[in-house]
$ cat start27.pdb   # PDB, N, CA, C and O atoms
ATOM      1  N   VAL A   1       9.785   8.604 -22.697
ATOM      2  CA  VAL A   1       9.961   7.223 -22.288
ATOM      3  C   VAL A   1      10.089   7.217 -20.773
ATOM      4  O   VAL A   1      10.820   8.031 -20.206
ATOM      5  N   VAL A   2       9.392   6.317 -20.136
ATOM      6  CA  VAL A   2       9.406   6.227 -18.680
ATOM      7  C   VAL A   2       9.340   4.763 -18.261
ATOM      8  O   VAL A   2       8.779   3.934 -18.973
ATOM      9  N   GLN A   3       9.948   4.458 -17.143
ATOM     10  CA  GLN A   3       9.839   3.112 -16.569
ATOM     11  C   GLN A   3       8.883   3.204 -15.390
ATOM     12  O   GLN A   3       9.127   3.927 -14.432
ATOM     13  N   LEU A   4       7.763   2.512 -15.483
ATOM     14  CA  LEU A   4       6.761   2.489 -14.418
ATOM     15  C   LEU A   4       6.494   1.053 -13.991
ATOM     16  O   LEU A   4       6.601   0.141 -14.810
ATOM     17  N   PRO A   5       6.088   0.862 -12.748
ATOM     18  CA  PRO A   5       5.646  -0.476 -12.349
ATOM     19  C   PRO A   5       4.443  -0.886 -13.193
ATOM     20  O   PRO A   5       3.571  -0.063 -13.496
ATOM     21  N   ARG A   6       4.413  -2.137 -13.591
ATOM     22  CA  ARG A   6       3.332  -2.637 -14.444
ATOM     23  C   ARG A   6       1.957  -2.344 -13.844
ATOM     24  O   ARG A   6       1.027  -1.965 -14.554
ATOM     25  N   ILE A   7       1.828  -2.480 -12.533
ATOM     26  CA  ILE A   7       0.533  -2.252 -11.890
ATOM     27  C   ILE A   7       0.066  -0.808 -12.060
ATOM     28  O   ILE A   7      -1.124  -0.540 -12.138
ATOM     29  N   MET A   8       1.002   0.140 -12.142
ATOM     30  CA  MET A   8       0.636   1.540 -12.329
ATOM     31  C   MET A   8       0.291   1.858 -13.778
ATOM     32  O   MET A   8      -0.516   2.751 -14.043
ATOM     33  N   ALA A   9       0.880   1.151 -14.723
ATOM     34  CA  ALA A   9       0.716   1.491 -16.130
ATOM     35  C   ALA A   9      -0.316   0.625 -16.857
ATOM     36  O   ALA A   9      -0.764   1.005 -17.937
ATOM     37  N   ALA A  10      -0.696  -0.504 -16.288
ATOM     38  CA  ALA A  10      -1.530  -1.482 -17.005
ATOM     39  C   ALA A  10      -2.820  -0.888 -17.563
ATOM     40  O   ALA A  10      -3.156  -1.113 -18.725
ATOM     41  N   SER A  11      -3.549  -0.127 -16.757
ATOM     42  CA  SER A  11      -4.825   0.414 -17.252
ATOM     43  C   SER A  11      -4.599   1.452 -18.358
ATOM     44  O   SER A  11      -5.394   1.547 -19.292
ATOM     45  N   PHE A  12      -3.497   2.215 -18.266
ATOM     46  CA  PHE A  12      -3.201   3.221 -19.301
ATOM     47  C   PHE A  12      -2.764   2.563 -20.604
ATOM     48  O   PHE A  12      -3.100   3.028 -21.692
ATOM     49  N   VAL A  13      -2.023   1.470 -20.511
ATOM     50  CA  VAL A  13      -1.634   0.724 -21.712
ATOM     51  C   VAL A  13      -2.876   0.096 -22.336
ATOM     52  O   VAL A  13      -3.086   0.169 -23.546
ATOM     53  N   ALA A  14      -3.733  -0.496 -21.492
ATOM     54  CA  ALA A  14      -4.957  -1.134 -21.995
ATOM     55  C   ALA A  14      -5.882  -0.131 -22.681
ATOM     56  O   ALA A  14      -6.519  -0.451 -23.683
ATOM     57  N   SER A  15      -5.934   1.106 -22.156
ATOM     58  CA  SER A  15      -6.822   2.121 -22.742
ATOM     59  C   SER A  15      -6.202   2.814 -23.953
ATOM     60  O   SER A  15      -6.870   3.564 -24.642
ATOM     61  N   GLY A  16      -4.904   2.572 -24.179
ATOM     62  CA  GLY A  16      -4.241   3.197 -25.313
ATOM     63  C   GLY A  16      -3.599   4.541 -24.998
ATOM     64  O   GLY A  16      -3.012   5.171 -25.870
ATOM     65  N   HIS A  17      -3.693   4.996 -23.749
ATOM     66  CA  HIS A  17      -3.070   6.268 -23.366
ATOM     67  C   HIS A  17      -1.546   6.149 -23.295
ATOM     68  O   HIS A  17      -0.845   7.132 -23.465
ATOM     69  N   LEU A  18      -1.053   4.965 -23.022
ATOM     70  CA  LEU A  18       0.384   4.700 -23.026
ATOM     71  C   LEU A  18       0.670   3.564 -23.993
ATOM     72  O   LEU A  18      -0.158   2.680 -24.192
ATOM     73  N   LEU A  19       1.856   3.589 -24.556
ATOM     74  CA  LEU A  19       2.283   2.552 -25.486
ATOM     75  C   LEU A  19       3.517   1.862 -24.908
ATOM     76  O   LEU A  19       4.457   2.529 -24.458
ATOM     77  N   ASP A  20       3.523   0.554 -24.892
ATOM     78  CA  ASP A  20       4.679  -0.213 -24.419
ATOM     79  C   ASP A  20       5.684  -0.262 -25.555
ATOM     80  O   ASP A  20       5.511  -0.990 -26.528
ATOM     81  N   VAL A  21       6.755   0.540 -25.445
ATOM     82  CA  VAL A  21       7.724   0.653 -26.541
ATOM     83  C   VAL A  21       8.808  -0.417 -26.493
ATOM     84  O   VAL A  21       9.550  -0.571 -27.462
ATOM     85  N   ALA A  22       8.925  -1.141 -25.399
ATOM     86  CA  ALA A  22       9.935  -2.201 -25.277
ATOM     87  C   ALA A  22       9.336  -3.376 -24.499
ATOM     88  O   ALA A  22       9.729  -3.661 -23.371
ATOM     89  N   PRO A  23       8.372  -4.090 -25.099
ATOM     90  CA  PRO A  23       7.648  -5.130 -24.356
ATOM     91  C   PRO A  23       8.515  -6.290 -23.866
ATOM     92  O   PRO A  23       8.160  -6.938 -22.887
ATOM     93  N   ASP A  24       9.641  -6.550 -24.499
ATOM     94  CA  ASP A  24      10.488  -7.668 -24.076
ATOM     95  C   ASP A  24      11.595  -7.247 -23.115
ATOM     96  O   ASP A  24      12.331  -8.080 -22.613
ATOM     97  N   TRP A  25      11.714  -5.940 -22.855
ATOM     98  CA  TRP A  25      12.757  -5.438 -21.964
ATOM     99  C   TRP A  25      12.369  -5.667 -20.510
ATOM    100  O   TRP A  25      11.223  -5.442 -20.115
ATOM    101  N   VAL A  26      13.313  -6.135 -19.725
ATOM    102  CA  VAL A  26      13.105  -6.348 -18.297
ATOM    103  C   VAL A  26      14.155  -5.529 -17.557
ATOM    104  O   VAL A  26      15.350  -5.654 -17.836
ATOM    105  N   PRO A  27      13.725  -4.683 -16.620
ATOM    106  CA  PRO A  27      14.708  -3.885 -15.898
ATOM    107  C   PRO A  27      15.588  -4.772 -15.023
ATOM    108  O   PRO A  27      15.180  -5.867 -14.634
ATOM    109  N   PRO A  28      16.800  -4.316 -14.730
ATOM    110  CA  PRO A  28      17.670  -5.118 -13.875
ATOM    111  C   PRO A  28      17.073  -5.279 -12.480
ATOM    112  O   PRO A  28      16.361  -4.391 -12.002
ATOM    113  N   ALA A  29      17.349  -6.400 -11.854
ATOM    114  CA  ALA A  29      16.866  -6.654 -10.497
ATOM    115  C   ALA A  29      17.486  -5.649  -9.533
ATOM    116  O   ALA A  29      18.601  -5.181  -9.743
ATOM    117  N   MET A  30      16.740  -5.317  -8.509
ATOM    118  CA  MET A  30      17.249  -4.390  -7.512
ATOM    119  C   MET A  30      16.800  -4.825  -6.129
ATOM    120  O   MET A  30      15.817  -5.555  -5.995
ATOM    121  N   HIS A  31      17.525  -4.404  -5.146
ATOM    122  CA  HIS A  31      17.186  -4.713  -3.759
ATOM    123  C   HIS A  31      16.458  -3.516  -3.157
ATOM    124  O   HIS A  31      16.766  -2.371  -3.477
ATOM    125  N   ILE A  32      15.502  -3.805  -2.312
ATOM    126  CA  ILE A  32      14.801  -2.759  -1.583
ATOM    127  C   ILE A  32      14.995  -3.053  -0.104
ATOM    128  O   ILE A  32      14.793  -4.184   0.347
ATOM    129  N   TYR A  33      15.400  -2.036   0.644
ATOM    130  CA  TYR A  33      15.653  -2.203   2.070
ATOM    131  C   TYR A  33      14.716  -1.311   2.870
ATOM    132  O   TYR A  33      14.456  -0.181   2.484
ATOM    133  N   ALA A  34      14.214  -1.831   3.961
ATOM    134  CA  ALA A  34      13.445  -1.042   4.919
ATOM    135  C   ALA A  34      14.263  -1.033   6.207
ATOM    136  O   ALA A  34      14.483  -2.080   6.814
ATOM    137  N   LEU A  35      14.720   0.128   6.581
ATOM    138  CA  LEU A  35      15.555   0.250   7.773
ATOM    139  C   LEU A  35      14.735   0.820   8.921
ATOM    140  O   LEU A  35      14.005   1.787   8.749
ATOM    141  N   TYR A  36      14.858   0.208  10.060
ATOM    142  CA  TYR A  36      14.184   0.686  11.254
ATOM    143  C   TYR A  36      15.063   0.343  12.448
ATOM    144  O   TYR A  36      15.863  -0.577  12.391
ATOM    145  N   PRO A  37      14.960   1.110  13.544
ATOM    146  CA  PRO A  37      15.908   0.961  14.643
ATOM    147  C   PRO A  37      15.869  -0.398  15.349
ATOM    148  O   PRO A  37      16.905  -0.949  15.669
ATOM    149  N   SER A  38      14.689  -0.926  15.598
ATOM    150  CA  SER A  38      14.604  -2.168  16.356
ATOM    151  C   SER A  38      13.201  -2.744  16.241
ATOM    152  O   SER A  38      12.220  -2.002  16.219
ATOM    153  N   ARG A  39      13.104  -4.055  16.185
ATOM    154  CA  ARG A  39      11.773  -4.677  16.196
ATOM    155  C   ARG A  39      11.075  -4.433  17.522
ATOM    156  O   ARG A  39       9.864  -4.374  17.592
ATOM    157  N   ARG A  40      11.851  -4.293  18.569
ATOM    158  CA  ARG A  40      11.283  -4.102  19.907
ATOM    159  C   ARG A  40      10.419  -2.851  19.962
ATOM    160  O   ARG A  40       9.387  -2.828  20.600
ATOM    161  N   HIS A  41      10.849  -1.780  19.293
ATOM    162  CA  HIS A  41      10.136  -0.506  19.366
ATOM    163  C   HIS A  41       9.378  -0.188  18.082
ATOM    164  O   HIS A  41       8.995   0.954  17.859
ATOM    165  N   LEU A  42       9.130  -1.176  17.261
ATOM    166  CA  LEU A  42       8.420  -0.961  16.002
ATOM    167  C   LEU A  42       6.934  -0.754  16.293
ATOM    168  O   LEU A  42       6.300  -1.544  16.992
ATOM    169  N   THR A  43       6.384   0.327  15.776
ATOM    170  CA  THR A  43       4.964   0.617  15.991
ATOM    171  C   THR A  43       4.097  -0.328  15.163
ATOM    172  O   THR A  43       4.572  -0.962  14.209
ATOM    173  N   LEU A  44       2.833  -0.399  15.503
ATOM    174  CA  LEU A  44       1.902  -1.214  14.721
ATOM    175  C   LEU A  44       1.839  -0.709  13.281
ATOM    176  O   LEU A  44       1.833  -1.494  12.335
ATOM    177  N   ALA A  45       1.838   0.606  13.115
ATOM    178  CA  ALA A  45       1.814   1.174  11.761
ATOM    179  C   ALA A  45       3.067   0.771  10.991
ATOM    180  O   ALA A  45       2.998   0.426   9.804
ATOM    181  N   GLY A  46       4.213   0.793  11.649
ATOM    182  CA  GLY A  46       5.458   0.378  11.006
ATOM    183  C   GLY A  46       5.426  -1.084  10.620
ATOM    184  O   GLY A  46       5.848  -1.468   9.522
ATOM    185  N   ARG A  47       4.928  -1.926  11.502
ATOM    186  CA  ARG A  47       4.821  -3.365  11.214
ATOM    187  C   ARG A  47       3.873  -3.607  10.043
ATOM    188  O   ARG A  47       4.158  -4.402   9.150
ATOM    189  N   CYS A  48       2.751  -2.902  10.017
ATOM    190  CA  CYS A  48       1.788  -3.047   8.916
ATOM    191  C   CYS A  48       2.413  -2.594   7.592
ATOM    192  O   CYS A  48       2.202  -3.229   6.560
ATOM    193  N   PHE A  49       3.181  -1.506   7.637
ATOM    194  CA  PHE A  49       3.841  -1.016   6.432
ATOM    195  C   PHE A  49       4.842  -2.038   5.912
ATOM    196  O   PHE A  49       4.883  -2.338   4.715
ATOM    197  N   LEU A  50       5.666  -2.606   6.801
ATOM    198  CA  LEU A  50       6.633  -3.617   6.379
ATOM    199  C   LEU A  50       5.940  -4.859   5.821
ATOM    200  O   LEU A  50       6.386  -5.433   4.830
ATOM    201  N   ASP A  51       4.832  -5.263   6.451
ATOM    202  CA  ASP A  51       4.069  -6.412   5.942
ATOM    203  C   ASP A  51       3.516  -6.121   4.554
ATOM    204  O   ASP A  51       3.542  -6.981   3.671
ATOM    205  N   MET A  52       3.033  -4.889   4.336
ATOM    206  CA  MET A  52       2.516  -4.508   3.022
ATOM    207  C   MET A  52       3.624  -4.542   1.970
ATOM    208  O   MET A  52       3.423  -5.044   0.863
ATOM    209  N   LEU A  53       4.798  -4.021   2.324
ATOM    210  CA  LEU A  53       5.922  -4.064   1.387
ATOM    211  C   LEU A  53       6.287  -5.498   1.036
ATOM    212  O   LEU A  53       6.509  -5.835  -0.130
ATOM    213  N   GLU A  54       6.359  -6.348   2.048
ATOM    214  CA  GLU A  54       6.724  -7.739   1.809
ATOM    215  C   GLU A  54       5.698  -8.435   0.926
ATOM    216  O   GLU A  54       6.057  -9.130  -0.026
ATOM    217  N   ASP A  55       4.419  -8.221   1.206
ATOM    218  CA  ASP A  55       3.372  -8.827   0.377
ATOM    219  C   ASP A  55       3.432  -8.308  -1.052
ATOM    220  O   ASP A  55       3.257  -9.066  -2.004
ATOM    221  N   GLY A  56       3.692  -7.015  -1.224
ATOM    222  CA  GLY A  56       3.799  -6.430  -2.559
ATOM    223  C   GLY A  56       4.963  -6.998  -3.341
ATOM    224  O   GLY A  56       4.873  -7.220  -4.543
ATOM    225  N   MET A  57       6.052  -7.266  -2.675
ATOM    226  CA  MET A  57       7.219  -7.828  -3.358
ATOM    227  C   MET A  57       7.004  -9.289  -3.726
ATOM    228  O   MET A  57       7.545  -9.768  -4.703
ATOM    229  N   LYS A  58       6.190  -9.992  -2.987
ATOM    230  CA  LYS A  58       5.870 -11.383  -3.344
ATOM    231  C   LYS A  58       5.158 -11.431  -4.693
ATOM    232  O   LYS A  58       5.355 -12.342  -5.474
ATOM    233  N   ASP A  59       4.339 -10.395  -4.960
ATOM    234  CA  ASP A  59       3.612 -10.332  -6.232
ATOM    235  C   ASP A  59       4.554 -10.248  -7.425
ATOM    236  O   ASP A  59       4.244 -10.717  -8.497
ATOM    237  N   VAL A  60       5.715  -9.647  -7.237
ATOM    238  CA  VAL A  60       6.671  -9.522  -8.335
ATOM    239  C   VAL A  60       7.836 -10.481  -8.187
ATOM    240  O   VAL A  60       8.780 -10.443  -8.963
ATOM    241  N   GLY A  61       7.785 -11.336  -7.160
ATOM    242  CA  GLY A  61       8.817 -12.353  -6.986
ATOM    243  C   GLY A  61      10.163 -11.812  -6.571
ATOM    244  O   GLY A  61      11.187 -12.381  -6.883
ATOM    245  N   SER A  62      10.178 -10.693  -5.821
ATOM    246  CA  SER A  62      11.450 -10.069  -5.472
ATOM    247  C   SER A  62      11.703  -9.993  -3.981
ATOM    248  O   SER A  62      12.344  -9.086  -3.501
ATOM    249  N   THR A  63      11.192 -10.913  -3.216
ATOM    250  CA  THR A  63      11.412 -10.858  -1.776
ATOM    251  C   THR A  63      12.148 -12.089  -1.294
ATOM    252  O   THR A  63      12.045 -13.156  -1.861
ATOM    253  N   SER A  64      12.903 -11.914  -0.280
ATOM    254  CA  SER A  64      13.597 -13.060   0.326
ATOM    255  C   SER A  64      12.729 -13.703   1.380
ATOM    256  O   SER A  64      13.094 -14.717   1.949
ATOM    257  N   GLY A  65      11.570 -13.088   1.672
ATOM    258  CA  GLY A  65      10.662 -13.677   2.630
ATOM    259  C   GLY A  65      10.720 -13.060   4.004
ATOM    260  O   GLY A  65       9.781 -13.159   4.759
ATOM    261  N   GLN A  66      11.810 -12.421   4.364
ATOM    262  CA  GLN A  66      11.936 -11.833   5.684
ATOM    263  C   GLN A  66      12.465 -10.413   5.579
ATOM    264  O   GLN A  66      13.438 -10.167   4.874
ATOM    265  N   PRO A  67      11.844  -9.476   6.290
ATOM    266  CA  PRO A  67      12.430  -8.136   6.338
ATOM    267  C   PRO A  67      13.704  -8.183   7.160
ATOM    268  O   PRO A  67      13.872  -9.050   8.014
ATOM    269  N   HIS A  68      14.617  -7.290   6.896
ATOM    270  CA  HIS A  68      15.898  -7.253   7.598
ATOM    271  C   HIS A  68      16.018  -5.925   8.328
ATOM    272  O   HIS A  68      15.546  -4.912   7.842
ATOM    273  N   SER A  69      16.651  -5.940   9.461
ATOM    274  CA  SER A  69      16.902  -4.695  10.172
ATOM    275  C   SER A  69      18.383  -4.408  10.171
ATOM    276  O   SER A  69      19.206  -5.308  10.008
ATOM    277  N   ALA A  70      18.719  -3.148  10.346
ATOM    278  CA  ALA A  70      20.131  -2.759  10.378
ATOM    279  C   ALA A  70      20.528  -2.382  11.782
ATOM    280  O   ALA A  70      19.745  -1.997  12.578
TER     281      ALA A  70
END
$ encode --input "start27.pdb" --output "C-alpha cells"
Amino acid sequence: VVQLPRIMAASFVASGHLLDVAPDWVPPAMHIYALYPSRRHLTLAGRCFLDMLEDGMKDVGSTSGQPHSA
C-alpha cells in the first residue's frame, strides 16, 4: 500500500497496474513551505521553481496564492 499523488498514479491505475484500494480516502491536508534567504537575491531559476510549485498547488487547491519567505 502506498500513497502517491494522483497525477503520478493515474496512468498506472487506468492501465490496471495499480489498484485504488481506498477510493474514498482523502489524506489529511498539509502545508508545504519553500524557504529562501531573500527575494532580493533570488535567482531566476529559484523564482521559476517557486512559480512552478505555486502553479502545481493551484491544481490541487492547496495554495494560499503567495509564496512566503522566512
$ select_by_dssp --input "start27.pdb" --residues "chain A" --states "helix (DSSP H, G or I)" --output "number ranges by chain"
A: 6-15, 44-60
$ closest_residue --input "start27.pdb" --among "A:Ile7, A:Val21, A:Leu50, A:Met57" --to "A:Ala34" --atoms "only N, CA, C and O atoms"
A:Leu50
$ axis_aligned_box --input "start27.pdb" --around "stretch 51-58 of chain A" --padding-each-side "4 Å" --output "AutoDock Vina command-line options"
--center_x 5.0 --center_y -8.2 --center_z 0.5 --size_x 13.0 --size_y 16.3 --size_z 19.9
$ atom_distance --input "start27.pdb" --atom1 "atom CA of A:Leu53" --atom2 "atom CA of A:Tyr36"
13.7 Å
$ atom_distance --input "start27.pdb" --atom1 "atom CA of A:Cys48" --atom2 "atom CA of A:Arg6"
23.4 Å
$ residues_around --input "start27.pdb" --residues "stretch 15-20 of chain A" --least-positions-apart "6" --cutoff "8 Å" --atoms "all atoms listed in the file" --output "PyMOL selection string"
chain A and resi 1-2+9
$ atom_distance --input "start27.pdb" --atom1 "atom CA of A:Met30" --atom2 "atom CA of A:Ser11"
24.6 Å
$ decode --input "start27.pdb" --residues "stretch 18-61 of chain A" --atoms "C-alpha atoms" --output "PDB file, in the first residue's frame"
ATOM      1  CA  LEU A  18      -2.156  -0.313  -9.690  1.00  0.00           C
ATOM      2  CA  LEU A  19      -5.410  -0.748  -7.820  1.00  0.00           C
ATOM      3  CA  ASP A  20      -7.051   2.048  -5.816  1.00  0.00           C
ATOM      4  CA  VAL A  21      -7.732   0.239  -2.532  1.00  0.00           C
ATOM      5  CA  ALA A  22      -9.318   3.220  -0.737  1.00  0.00           C
ATOM      6  CA  PRO A  23     -11.029   5.399  -3.380  1.00  0.00           C
ATOM      7  CA  ASP A  24     -12.975   7.492  -0.846  1.00  0.00           C
ATOM      8  CA  TRP A  25      -9.996   8.135   1.454  1.00  0.00           C
ATOM      9  CA  VAL A  26      -8.526  11.633   1.400  1.00  0.00           C
ATOM     10  CA  PRO A  27      -5.167  12.280   3.040  1.00  0.00           C
ATOM     11  CA  PRO A  28      -5.026  14.999   5.682  1.00  0.00           C
ATOM     12  CA  ALA A  29      -4.195  18.491   4.447  1.00  0.00           C
ATOM     13  CA  MET A  30      -0.603  19.566   4.808  1.00  0.00           C
ATOM     14  CA  HIS A  31       1.400  22.730   4.399  1.00  0.00           C
ATOM     15  CA  ILE A  32       4.344  22.993   2.053  1.00  0.00           C
ATOM     16  CA  TYR A  33       6.959  25.673   2.649  1.00  0.00           C
ATOM     17  CA  ALA A  34       9.670  26.964   0.341  1.00  0.00           C
ATOM     18  CA  LEU A  35      12.352  28.733   2.327  1.00  0.00           C
ATOM     19  CA  TYR A  36      14.838  31.064   0.721  1.00  0.00           C
ATOM     20  CA  PRO A  37      17.043  33.812   2.175  1.00  0.00           C
ATOM     21  CA  SER A  38      15.618  36.865   0.421  1.00  0.00           C
ATOM     22  CA  ARG A  39      13.609  37.865  -2.628  1.00  0.00           C
ATOM     23  CA  ARG A  40      16.316  40.409  -3.365  1.00  0.00           C
ATOM     24  CA  HIS A  41      18.896  37.697  -4.090  1.00  0.00           C
ATOM     25  CA  LEU A  42      16.563  35.075  -5.557  1.00  0.00           C
ATOM     26  CA  THR A  43      17.923  33.687  -8.820  1.00  0.00           C
ATOM     27  CA  LEU A  44      15.794  33.374 -11.937  1.00  0.00           C
ATOM     28  CA  ALA A  45      15.921  29.594 -11.534  1.00  0.00           C
ATOM     29  CA  GLY A  46      14.717  29.933  -7.939  1.00  0.00           C
ATOM     30  CA  ARG A  47      11.876  32.240  -8.970  1.00  0.00           C
ATOM     31  CA  CYS A  48      10.841  29.839 -11.752  1.00  0.00           C
ATOM     32  CA  PHE A  49      10.903  26.922  -9.303  1.00  0.00           C
ATOM     33  CA  LEU A  50       8.708  28.781  -6.796  1.00  0.00           C
ATOM     34  CA  ASP A  51       6.295  29.767  -9.586  1.00  0.00           C
ATOM     35  CA  MET A  52       6.105  26.118 -10.688  1.00  0.00           C
ATOM     36  CA  LEU A  53       5.369  24.991  -7.130  1.00  0.00           C
ATOM     37  CA  GLU A  54       2.665  27.612  -6.745  1.00  0.00           C
ATOM     38  CA  ASP A  55       1.040  26.692 -10.059  1.00  0.00           C
ATOM     39  CA  GLY A  56       1.172  22.991  -9.147  1.00  0.00           C
ATOM     40  CA  MET A  57      -0.531  23.624  -5.832  1.00  0.00           C
ATOM     41  CA  LYS A  58      -3.317  25.574  -7.533  1.00  0.00           C
ATOM     42  CA  ASP A  59      -4.146  22.367  -9.423  1.00  0.00           C
ATOM     43  CA  VAL A  60      -4.861  20.607  -6.132  1.00  0.00           C
ATOM     44  CA  GLY A  61      -6.375  23.635  -4.406  1.00  0.00           C
TER      45      GLY A  61
END
